[in-house]
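**Q** mmCIF, C-alpha atoms, file coords.cif:
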data_work
loop_
_atom_site.label_atom_id
_atom_site.label_comp_id
_atom_site.auth_asym_id
_atom_site.auth_seq_id
_atom_site.Cartn_x
_atom_site.Cartn_y
_atom_site.Cartn_z
CA MET A 11 11.59 37.76 1.84
CA LEU A 12 9.46 38.10 -1.31
CA SER A 13 6.14 36.25 -1.24
CA ARG A 14 6.96 34.31 -4.41
CA VAL A 15 10.23 33.08 -2.85
CA ALA A 16 8.44 32.09 0.37
CA ASP A 17 5.80 30.36 -1.72
CA CYS A 18 8.38 28.29 -3.63
CA LEU A 19 10.23 27.28 -0.46
CA TYR A 20 7.00 26.28 1.27
CA TRP A 21 5.73 24.16 -1.63
CA MET A 22 9.16 22.68 -2.29
CA SER A 23 9.16 21.43 1.28
CA ARG A 24 5.63 20.07 1.11
CA ASN A 25 6.32 18.23 -2.14
CA ILE A 26 9.53 16.72 -0.79
CA GLU A 27 7.56 15.36 2.16
CA ARG A 28 4.68 14.22 -0.03
CA ALA A 29 6.97 12.41 -2.47
CA GLU A 30 8.67 10.59 0.40
CA SER A 31 5.48 9.67 2.27
CA ASN A 32 3.70 8.43 -0.86
CA ALA A 33 6.77 6.38 -1.84
CA ARG A 34 6.93 4.88 1.64
CA ILE A 35 3.20 4.09 1.68
CA LEU A 36 3.48 2.32 -1.66
CA ASN A 37 6.45 0.34 -0.39
CA VAL A 38 4.36 -0.77 2.61
CA GLN A 39 1.62 -1.88 0.22
CA PHE A 40 4.08 -3.98 -1.80
CA ILE A 41 5.25 -5.72 1.38
CA GLN A 42 1.64 -6.32 2.47
CA MET A 43 0.91 -7.96 -0.88
CA LEU A 44 3.79 -10.39 -0.34
CA GLU A 45 2.83 -11.18 3.25
CA ALA A 46 -0.96 -11.35 2.83
CA SER A 47 -1.35 -15.13 3.49
CA GLU A 48 -4.40 -15.62 5.76
CA GLU A 49 -5.17 -11.91 5.58
CA GLU A 50 -5.33 -12.04 1.79
CA ILE A 51 -9.03 -11.20 1.66
CA LEU A 52 -8.39 -8.00 3.58
CA ALA A 53 -5.30 -7.13 1.54
CA LYS A 54 -7.31 -7.17 -1.70
CA HIS A 55 -9.24 -4.13 -0.48
CA ASP A 56 -6.16 -2.14 0.47
CA TRP A 57 -5.48 -0.57 -2.94
CA GLU A 58 -8.60 1.59 -2.75
CA MET A 59 -7.51 2.76 0.70
CA ILE A 60 -4.03 3.61 -0.60
CA PHE A 61 -5.58 5.72 -3.38
CA GLU A 62 -7.78 7.54 -0.87
CA ILE A 63 -4.69 8.40 1.20
CA CYS A 64 -2.28 9.25 -1.63
CA ALA A 65 -4.48 10.37 -4.53
CA ARG A 66 -8.21 10.25 -5.37
CA THR A 67 -10.65 7.35 -5.40
CA ASP A 68 -11.84 8.22 -8.92
CA LEU A 69 -8.31 7.53 -10.16
CA PHE A 70 -8.54 4.12 -8.52
CA HIS A 71 -11.70 3.27 -10.47
CA GLU A 72 -10.15 4.58 -13.69
CA ALA A 73 -7.08 2.43 -13.16
CA MET A 74 -9.22 -0.66 -12.52
CA GLN A 75 -10.84 -0.16 -15.93
CA GLU A 76 -7.50 0.01 -17.79
CA ARG A 77 -6.66 -2.73 -20.30
CA MET A 78 -3.32 -3.55 -18.63
CA GLY A 79 -3.28 -5.76 -15.54
CA ALA A 80 -5.17 -4.11 -12.71
CA GLU A 81 -2.19 -4.11 -10.36
CA GLN A 82 0.11 -2.55 -12.99
CA ALA A 83 -2.46 0.15 -13.72
CA LEU A 84 -2.74 1.00 -10.03
CA ILE A 85 1.01 1.24 -9.61
CA HIS A 86 1.34 3.36 -12.76
CA GLN A 87 -1.27 5.84 -11.49
CA LEU A 88 0.42 6.27 -8.12
CA VAL A 89 4.04 6.39 -9.27
CA PHE A 90 4.29 7.62 -12.86
CA ALA A 91 0.95 9.05 -14.06
CA ARG A 92 1.03 12.72 -15.06
CA ALA A 93 -2.76 12.83 -14.69
CA ASN A 94 -2.40 12.18 -10.96
CA PRO A 95 -1.22 15.46 -9.38
CA ASN A 96 0.16 13.57 -6.37
CA SER A 97 2.03 10.80 -8.20
CA VAL A 98 5.59 10.30 -6.97
CA VAL A 99 7.05 11.54 -10.27
CA ASN A 100 4.92 14.70 -10.22
CA CYS A 101 5.83 15.50 -6.60
CA VAL A 102 9.52 15.10 -7.46
CA GLN A 103 9.13 17.43 -10.44
CA TYR A 104 7.31 20.09 -8.40
CA ALA A 105 9.94 19.93 -5.64
CA ARG A 106 12.72 20.24 -8.23
CA GLU A 107 11.06 23.22 -9.99
CA ASN A 108 10.52 25.08 -6.72
CA ALA A 109 14.12 24.38 -5.70
CA ARG A 110 15.32 25.69 -9.09
CA MET A 111 13.45 28.97 -8.60
CA THR A 112 14.94 29.50 -5.12
CA ARG A 113 18.51 28.27 -5.63
CA THR A 114 19.93 31.48 -4.13
CA GLN A 115 18.19 30.62 -0.83
CA LEU A 116 19.26 26.95 -0.72
CA PRO A 117 22.48 24.97 -0.32
CA ASP A 118 23.78 23.79 -3.70
CA ASP A 119 23.61 20.18 -2.53
CA LEU A 120 19.85 20.41 -2.07
CA TRP A 121 19.26 21.53 -5.65
CA GLU A 122 21.63 18.89 -6.97
CA ILE A 123 19.98 15.99 -5.15
CA TRP A 124 16.51 16.80 -6.51
CA ASN A 125 17.78 17.60 -9.98
CA ASP A 126 19.53 14.21 -10.06
CA VAL A 127 16.40 12.38 -8.90
CA TYR A 128 14.29 14.19 -11.49
CA LEU A 129 16.69 13.35 -14.34
CA ASP A 130 16.96 9.75 -13.17
CA MET A 131 13.19 9.32 -13.17
CA ASN A 132 12.92 10.80 -16.66
CA ARG A 133 15.17 8.01 -17.87
CA MET A 134 12.93 5.32 -16.40
CA ASN A 135 10.42 3.32 -18.40
CA ARG A 136 7.08 4.83 -17.42
CA GLY A 137 4.89 3.05 -19.94
CA GLU A 138 2.25 0.41 -19.38
CA ASP A 139 4.75 -2.46 -19.21
CA ILE A 140 6.11 -1.70 -15.74
CA ASP A 141 9.11 -3.55 -14.38
CA SER A 142 8.55 -4.09 -10.64
CA ARG A 143 12.28 -3.67 -9.99
CA GLU A 144 12.16 -0.30 -11.73
CA VAL A 145 9.25 0.77 -9.55
CA ARG A 146 10.97 -0.31 -6.34
CA ARG A 147 14.13 1.51 -7.42
CA CYS A 148 12.12 4.67 -8.07
CA LEU A 149 10.48 4.51 -4.63
CA GLU A 150 13.76 3.81 -2.85
CA ARG A 151 15.51 6.61 -4.77
CA THR A 152 12.78 9.03 -3.73
CA LYS A 153 12.92 8.05 -0.06
CA ILE A 154 16.72 8.36 0.09
CA ALA A 155 16.62 11.73 -1.70
CA SER A 156 14.06 13.05 0.79
CA LEU A 157 16.07 11.88 3.79
CA THR A 158 19.22 13.39 2.27
CA ALA A 159 17.41 16.69 1.64
CA ARG A 160 16.33 16.87 5.28
CA GLY A 161 19.91 16.28 6.38
CA ILE A 162 21.19 19.01 4.06
CA ILE A 163 18.60 21.50 5.34
CA GLU A 164 19.34 20.74 9.00
CA THR A 165 23.13 20.84 8.68
CA SER A 166 23.72 23.50 6.01
CA MET A 167 21.05 26.21 6.34
CA SER A 168 21.13 29.17 8.68
CA ARG A 169 18.04 29.51 10.87
CA GLY A 170 16.59 32.45 8.99
CA PRO A 171 13.19 33.00 7.32
CA ALA A 172 13.94 30.56 4.48
CA TYR A 173 14.66 27.75 6.93
CA HIS A 174 11.49 28.36 8.92
CA MET A 175 9.32 28.61 5.79
CA ILE A 176 10.66 25.19 4.77
CA ASN A 177 10.02 23.92 8.30
CA VAL A 178 6.37 25.00 8.26
CA GLY A 179 5.82 23.22 4.94
CA LYS A 180 7.45 20.03 6.23
CA TRP A 181 5.53 19.83 9.50
CA LEU A 182 2.17 20.79 8.00
CA GLU A 183 2.54 18.12 5.33
CA GLN A 184 3.40 15.49 7.92
CA ALA A 185 0.50 16.50 10.17
CA GLU A 186 -2.00 16.34 7.32
CA LYS A 187 -0.71 12.97 6.10
CA THR A 188 -0.93 11.39 9.55
CA ALA A 189 -4.43 12.80 10.01
CA ARG A 190 -5.48 11.49 6.61
CA ILE A 191 -4.08 8.01 7.24
CA LEU A 192 -5.95 7.73 10.54
CA ASP A 193 -9.16 9.16 9.08
CA VAL A 194 -9.18 6.77 6.11
CA VAL A 195 -8.18 3.68 8.08
CA SER A 196 -10.74 4.40 10.80
CA SER A 197 -13.54 4.90 8.27
CA TYR A 198 -12.71 1.55 6.61
CA ILE A 199 -12.67 -0.29 9.94
CA TYR A 200 -16.04 0.96 11.11
CA ALA A 201 -17.77 0.92 7.73
CA ASP A 202 -17.05 -2.76 7.02
CA PRO A 203 -18.13 -5.46 9.55
CA ALA A 204 -15.52 -7.79 7.99
CA CYS A 205 -12.80 -5.54 9.43
CA ARG A 206 -13.81 -6.18 13.05
CA GLY A 207 -11.94 -8.56 15.32
CA GLN A 208 -8.71 -9.82 13.79
CA GLY A 209 -9.24 -7.57 10.78
CA GLU A 210 -9.31 -4.49 13.02
CA SER A 211 -5.88 -5.34 14.41
CA TYR A 212 -4.60 -5.75 10.85
CA TYR A 213 -5.73 -2.25 9.89
CA TRP A 214 -4.47 -0.53 13.03
CA ARG A 215 -1.09 -2.12 12.45
CA LEU A 216 -1.30 -0.94 8.85
CA ALA A 217 -2.00 2.62 10.05
CA LEU A 218 1.22 2.55 12.08
CA GLN A 219 3.18 1.24 9.10
CA LEU A 220 1.74 3.81 6.69
CA ALA A 221 2.60 6.60 9.13
CA ASN A 222 6.14 5.20 9.55
CA GLY A 223 5.50 4.64 13.25
CA TYR A 224 5.43 0.86 13.62
CA GLU A 225 9.00 0.37 14.90
CA ALA A 226 8.89 3.40 17.20
CA PHE A 227 5.53 2.27 18.62
CA LEU A 228 6.76 -1.26 19.42
CA LYS A 229 9.79 0.12 21.27
CA ARG A 230 7.50 1.92 23.71
CA HIS A 231 4.32 -0.18 23.79
CA PRO A 232 3.26 -3.84 23.94
CA PRO A 233 2.81 -5.41 20.47
CA ALA A 234 -0.99 -5.64 20.85
CA MET A 235 -2.61 -3.57 18.09
CA GLU A 236 -5.24 -1.79 20.17
CA PRO A 237 -6.76 1.45 18.81
CA GLY A 238 -6.35 3.47 22.04
CA PRO A 239 -2.54 3.38 22.34
CA ILE A 240 -2.06 3.70 18.56
CA LEU A 241 -4.30 6.77 18.34
CA SER A 242 -2.63 8.33 21.36
CA PHE A 243 0.79 7.69 19.80
CA LEU A 244 -0.01 9.07 16.33
CA VAL A 245 -2.24 11.94 17.43
CA ALA A 246 -1.19 13.25 20.83
CA ASP A 247 2.37 12.05 21.53
CA GLU A 248 4.62 15.01 22.34
CA ALA A 249 7.89 13.27 21.45
CA TYR A 250 7.20 11.29 18.26
CA PRO A 251 7.91 13.49 15.18
CA LYS A 252 5.10 12.04 13.05
CA SER A 253 2.40 12.63 15.67
CA ILE A 254 0.00 15.43 14.88
CA ARG A 255 0.61 17.22 18.18
CA TYR A 256 4.38 17.26 17.61
CA CYS A 257 4.01 18.51 14.02
CA ILE A 258 1.58 21.31 14.89
CA SER A 259 3.76 22.37 17.84
CA GLN A 260 6.71 22.65 15.45
CA VAL A 261 4.64 24.73 13.02
CA ARG A 262 3.67 27.08 15.84
CA GLU A 263 7.28 27.42 16.96
CA SER A 264 8.42 28.34 13.43
CA VAL A 265 5.57 30.84 13.01
CA GLN A 266 6.50 32.45 16.34
CA ILE A 267 10.11 32.82 15.17
CA LEU A 268 9.00 34.27 11.82
CA GLU A 269 6.84 36.79 13.73
CA TYR A 270 9.55 37.58 16.32
CA GLY A 271 7.21 36.36 19.06
CA ARG A 272 4.53 38.95 18.26
CA VAL A 273 0.87 38.53 17.36
CA SER A 274 0.02 41.15 14.74
CA HIS A 275 -3.14 42.16 12.87
CA TYR A 276 -2.32 39.76 10.01
CA SER A 277 -0.98 36.78 12.00
CA TRP A 278 -3.56 36.46 14.78
CA GLU A 279 -5.70 34.06 12.71
CA MET A 280 -2.69 31.79 12.19
CA TYR A 281 -1.98 31.68 15.93
CA ALA A 282 -5.67 31.14 16.68
CA SER A 283 -5.95 28.18 14.28
CA LEU A 284 -2.87 26.50 15.71
CA ASP A 285 -3.90 27.06 19.33
CA ASP A 286 -7.42 25.83 18.54
CA LEU A 287 -6.08 22.53 17.21
CA LEU A 288 -3.66 22.08 20.12
CA GLY A 289 -6.48 22.91 22.54
CA MET A 290 -8.68 20.33 20.85
CA LEU A 291 -5.98 17.72 21.57
CA ASP A 292 -5.86 18.76 25.24
CA GLU A 293 -9.61 18.42 25.68
CA VAL A 294 -10.39 15.14 23.94
CA HIS A 295 -9.82 11.71 25.50
CA ILE A 296 -8.85 10.06 22.26
CA THR A 297 -8.25 6.63 23.77
CA GLU A 298 -11.94 6.46 24.74
CA LEU A 299 -13.36 7.24 21.28
CA ARG A 300 -14.82 4.37 19.23
CA GLY A 301 -16.88 3.80 16.09
CA PRO A 302 -18.72 6.74 14.49
CA GLU A 303 -17.57 9.06 17.30
CA LEU A 304 -13.92 8.36 16.46
CA ASP A 305 -14.61 8.62 12.74
CA PHE A 306 -16.24 12.03 13.22
CA PHE A 307 -13.38 13.29 15.40
CA LEU A 308 -10.70 12.21 12.92
CA SER A 309 -12.58 13.75 9.97
CA GLN A 310 -12.93 17.01 11.90
CA PHE A 311 -9.29 16.80 12.88
CA GLN A 312 -8.15 16.36 9.29
CA GLU A 313 -10.26 19.34 8.23
CA LYS A 314 -8.61 21.52 10.90
CA CYS A 315 -5.15 20.47 9.67
CA ARG A 316 -6.11 21.49 6.13
CA GLU A 317 -7.55 24.77 7.40
CA ILE A 318 -4.21 25.66 8.99
CA GLY A 319 -2.55 25.25 5.59
CA HIS A 320 -5.08 27.64 4.00
CA VAL A 321 -4.70 30.18 6.82
CA PHE A 322 -0.91 30.07 6.54
CA SER A 323 -1.14 30.74 2.79
CA ARG A 324 -3.41 33.74 3.38
CA THR A 325 -1.24 35.10 6.18
CA TYR A 326 1.95 35.12 4.09
CA TYR A 327 0.35 35.80 0.69
CA LEU A 328 1.25 32.42 -0.73
CA MET A 329 -0.57 30.71 -3.56
CA ASP A 330 -3.36 28.84 -1.77
CA THR A 331 -4.03 25.17 -2.46
CA GLY A 332 -7.06 26.00 -4.57
CA GLU A 333 -4.93 28.11 -6.90
CA ARG A 334 -2.43 25.34 -7.64
CA GLN A 335 -3.66 22.76 -10.10
CA PHE A 336 -1.42 20.05 -8.70
CA GLN A 337 -1.97 20.45 -4.97
CA PHE A 338 -4.36 18.58 -2.68
CA HIS A 339 -6.60 16.99 -5.27
CA TYR A 340 -7.68 14.38 -2.77
CA ALA A 341 -11.07 12.76 -2.46
CA GLY A 342 -13.58 14.97 -0.71
CA GLU A 343 -11.66 18.20 -1.22
#
Kindly return the structure encoded in the file as structure tokens.
**A**
Amino acid sequence: MLSRVADCLYWMSRNIERAESNARILNVQFIQMLEASEEEILAKHDWEMIFEICARTDLFHEAMQERMGAEQALIHQLVFARANPNSVVNCVQYARENARMTRTQLPDDLWEIWNDVYLDMNRMNRGEDIDSREVRRCLERTKIASLTARGIIETSMSRGPAYHMINVGKWLEQAEKTARILDVVSSYIYADPACRGQGESYYWRLALQLANGYEAFLKRHPPAMEPGPILSFLVADEAYPKSIRYCISQVRESVQILEYGRVSHYSWEMYASLDDLLGMLDEVHITELRGPELDFFLSQFQEKCREIGHVFSRTYYLMDTGERQFQFHYAGE
């Protein structure tokens, strides 16, 4: 497979996942706003956290200075703004463009679903006067398109190099998003004394919801929102598909298939990075970490997830994240 084709498939997959996860996170925020009640004081601070997870904090401050209502400005930045590389609309466009350039490698249905979503969003009102129903429709449309795309890939693609390149992009994106959610939420909890006690439970529950793990967690654990079980579930669980361990294990499996089970002179660094992260999970007792120690571990963990993405790009001669104007412009990167 040509490197440019592999590059397009990889970034198509990552942008599909990013569009869906950002849309889902925004939907969670809308629900939290409606259900704030006694937790209203905490909920007012959540927008900055959402920007730190899905975009950049400087965009949050820019949006707060806009002349339109603060809430409308925040929503516009995260959903429609072209200046935000990770806005939902931009992620949809990047996924569609990468799918267009690799149509010969993909089922026709996959191209059609993202082309339809892209054209639909171009017809939406994306000005300052935002209709909340339009926004919710955009987010729901994106989520359904992403779920449909996954189904098309799993049921219609042969398990060749194209499939595994898409798989690596999907699982790396999910691993990094889960790591980022936990890192950001943890830093907010331990940086602000107001988040202790009842507030801490609120934010750990929010972490599960943002990572799309709330329902799955409650089916296997008591409803108490304790950090130990939540961290174990989202970081080290071997069966939950949003946990970091599961995602990295899937990346390693796809890399091994791409390499025919061999470790060569160009792929050893990829294997080493993946095994290092999995080994880190085996050694740490994550349920025992608290406060600054937990914050440091999660920050280090997120950095290792990002490093794997860079190593993968170097290994397969893809355009690295630093070379793409629209990728990974998050705070602190």
**Q** For A:Phe40, please output as an MDAnalysis selection string all residues within 10 Å (counting all atoms listed in the file; exclusion window: fewer than 5 positions along the same chain).
**A** chainID A and resid 34:35 45 85 142 146
**Q** Residues at most 8 Å from A:Leu182, counting all atoms listed in the file, excluding those fewer than 4 positions away in the same chain, as a PDB file with C-alpha atoms, in the coordinates of the input?
**A**
ATOM      1  CA  ARG A  24       5.630  20.070   1.110  1.00  0.00           C
ATOM      2  CA  VAL A 178       6.370  25.000   8.260  1.00  0.00           C
ATOM      3  CA  GLU A 186      -2.000  16.340   7.320  1.00  0.00           C
ATOM      4  CA  CYS A 257       4.010  18.510  14.020  1.00  0.00           C
ATOM      5  CA  ILE A 258       1.580  21.310  14.890  1.00  0.00           C
ATOM      6  CA  VAL A 261       4.640  24.730  13.020  1.00  0.00           C
ATOM      7  CA  CYS A 315      -5.150  20.470   9.670  1.00  0.00           C
ATOM      8  CA  GLY A 319      -2.550  25.250   5.590  1.00  0.00           C
TER       9      GLY A 319
END
**Q** Quick one: what's the axis-aligned box for stretch 13-22 of chain A, all listed atoms, 8 Å on every side, centre and edges in Å to one decimal, as AutoDock Vina command-line options?
**A**
--center_x 8.0 --center_y 29.5 --center_z -1.6 --size_x 20.5 --size_y 29.6 --size_z 21.7
**Q** What does the distance between atom CA of A:Asn25 and atom CA of A:Val102 come to in Å, to one decimal place?
**A**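 Atom CA of A:Val102 lies 7.0 Å from atom CA of A:Asn25.
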**Q** For stretch 284-293 of chain A, list every protein, DNA or RNA residue within 10 Å, evaluated using only C-alpha atoms, and leave out those in the same chain fewer than 5 positions away; present the list as a PyMOL selection string.
**A** chain A and resi 242+245-246+254-256+258-259+261-262+265+279+311+314-315+317-318+321
**Q** Keeping only C-alpha atoms, take the residues you just selected and write them out as a short mmCIF file (atom, residue, chain, number, x, y, z; two decimals), in the frame of the given file.
**A**
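The result, written out as out.cif:
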data_model
loop_
_atom_site.label_atom_id
_atom_site.label_comp_id
_atom_site.auth_asym_id
_atom_site.auth_seq_id
_atom_site.Cartn_x
_atom_site.Cartn_y
_atom_site.Cartn_z
CA SER A 242 -2.63 8.33 21.36
CA VAL A 245 -2.24 11.94 17.43
CA ALA A 246 -1.19 13.25 20.83
CA ILE A 254 0.00 15.43 14.88
CA ARG A 255 0.61 17.22 18.18
CA TYR A 256 4.38 17.26 17.61
CA ILE A 258 1.58 21.31 14.89
CA SER A 259 3.76 22.37 17.84
CA VAL A 261 4.64 24.73 13.02
CA ARG A 262 3.67 27.08 15.84
CA VAL A 265 5.57 30.84 13.01
CA GLU A 279 -5.70 34.06 12.71
CA PHE A 311 -9.29 16.80 12.88
CA LYS A 314 -8.61 21.52 10.90
CA CYS A 315 -5.15 20.47 9.67
CA GLU A 317 -7.55 24.77 7.40
CA ILE A 318 -4.21 25.66 8.99
CA VAL A 321 -4.70 30.18 6.82
#
**Q** Atom CA of A:Met134 to atom CA of A:Gln184: how many Å, to one decimal?
**A**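 Here the two named atoms are 28.0 Å from each other.
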**Q** Since I can't run it myself right now, could you work out what the PyMOL selection byres ((chain A and resi 69) around 10) selects here and report it as a list in words?
**A**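 Applied to this file, the PyMOL selection byres ((chain A and resi 69) around 10) selects Glu58, Phe61, Glu62, Ala65, Arg66, Thr67, Asp68, Phe70, His71, Glu72, Ala73, Met74, Gln75, Leu84, Gln87, Leu88, Ala93, Asn94 and Ala341 of chain A.
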**Q** Using all atoms listed in the file, find the one residue out of A:Arg190, A:Arg133, A:Lys153, A:Arg14 that sits nearest to A:Asn108.
**A**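 Among A:Arg190, A:Arg133, A:Lys153, A:Arg14, it is A:Arg14 that comes nearest to A:Asn108.
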**Q** Figure out the distance between atom CA of A:Asn100 and atom CA of A:Ser31, please, to one decimal in Å.
**A**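 It comes out at 13.5 Å.
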**Q** Mind telling me what the PyMOL selection byres ((chain A and resi 266) around 12) catches here, as an MDAnalysis selection string?
**A** chainID A and resid 171 174:175 178 259:265 267:274 277:278 280:281 284
**Q** Which residues come within 9 Å of A:Leu328, counting only C-alpha atoms, excluding same-chain residues fewer than 4 positions away, as a count of residues only?
**A** 9
**Q** Need the shell around A:Met111: protein/DNA/RNA residues with any atom at most 12 Å away, counting only C-alpha atoms. Skip same-chain ones fewer than 4 positions apart. Format as a PyMOL selection string?
**A** chain A and resi 14-19+21-22+104-107+115-116+121
**Q** Using all atoms listed in the file, which of the listed residues (A:Val38, A:Asp130, A:Trp181, A:Pro232) sits closest to A:Trp57?
**A**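 Checking each of A:Val38, A:Asp130, A:Trp181, A:Pro232 against A:Trp57, counting all atoms listed in the file, the winner is A:Val38.
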**Q** Evaluate the PyMOL selection byres ((chain A and resi 129) around 12) here and jot the selected residues down as an mmCIF file with C-alpha atoms, in the frame of the given file.
**A**
data_model
loop_
_atom_site.group_PDB
_atom_site.id
_atom_site.type_symbol
_atom_site.label_atom_id
_atom_site.label_comp_id
_atom_site.auth_asym_id
_atom_site.auth_seq_id
_atom_site.Cartn_x
_atom_site.Cartn_y
_atom_site.Cartn_z
ATOM 1 C CA VAL A 99 7.050 11.540 -10.270
ATOM 2 C CA VAL A 102 9.520 15.100 -7.460
ATOM 3 C CA GLN A 103 9.130 17.430 -10.440
ATOM 4 C CA ARG A 106 12.720 20.240 -8.230
ATOM 5 C CA GLU A 122 21.630 18.890 -6.970
ATOM 6 C CA ILE A 123 19.980 15.990 -5.150
ATOM 7 C CA TRP A 124 16.510 16.800 -6.510
ATOM 8 C CA ASN A 125 17.780 17.600 -9.980
ATOM 9 C CA ASP A 126 19.530 14.210 -10.060
ATOM 10 C CA VAL A 127 16.400 12.380 -8.900
ATOM 11 C CA TYR A 128 14.290 14.190 -11.490
ATOM 12 C CA ASP A 130 16.960 9.750 -13.170
ATOM 13 C CA MET A 131 13.190 9.320 -13.170
ATOM 14 C CA ASN A 132 12.920 10.800 -16.660
ATOM 15 C CA ARG A 133 15.170 8.010 -17.870
ATOM 16 C CA MET A 134 12.930 5.320 -16.400
ATOM 17 C CA CYS A 148 12.120 4.670 -8.070
ATOM 18 C CA ARG A 151 15.510 6.610 -4.770
#
**Q** Measuring atom to atom with all atoms listed in the file, identify which of A:Met11, A:Leu120, A:Ala234, A:Cys101 is nearest to A:Thr165.
**A**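 Ranking A:Met11, A:Leu120, A:Ala234, A:Cys101 by distance to A:Thr165, first place goes to A:Leu120.
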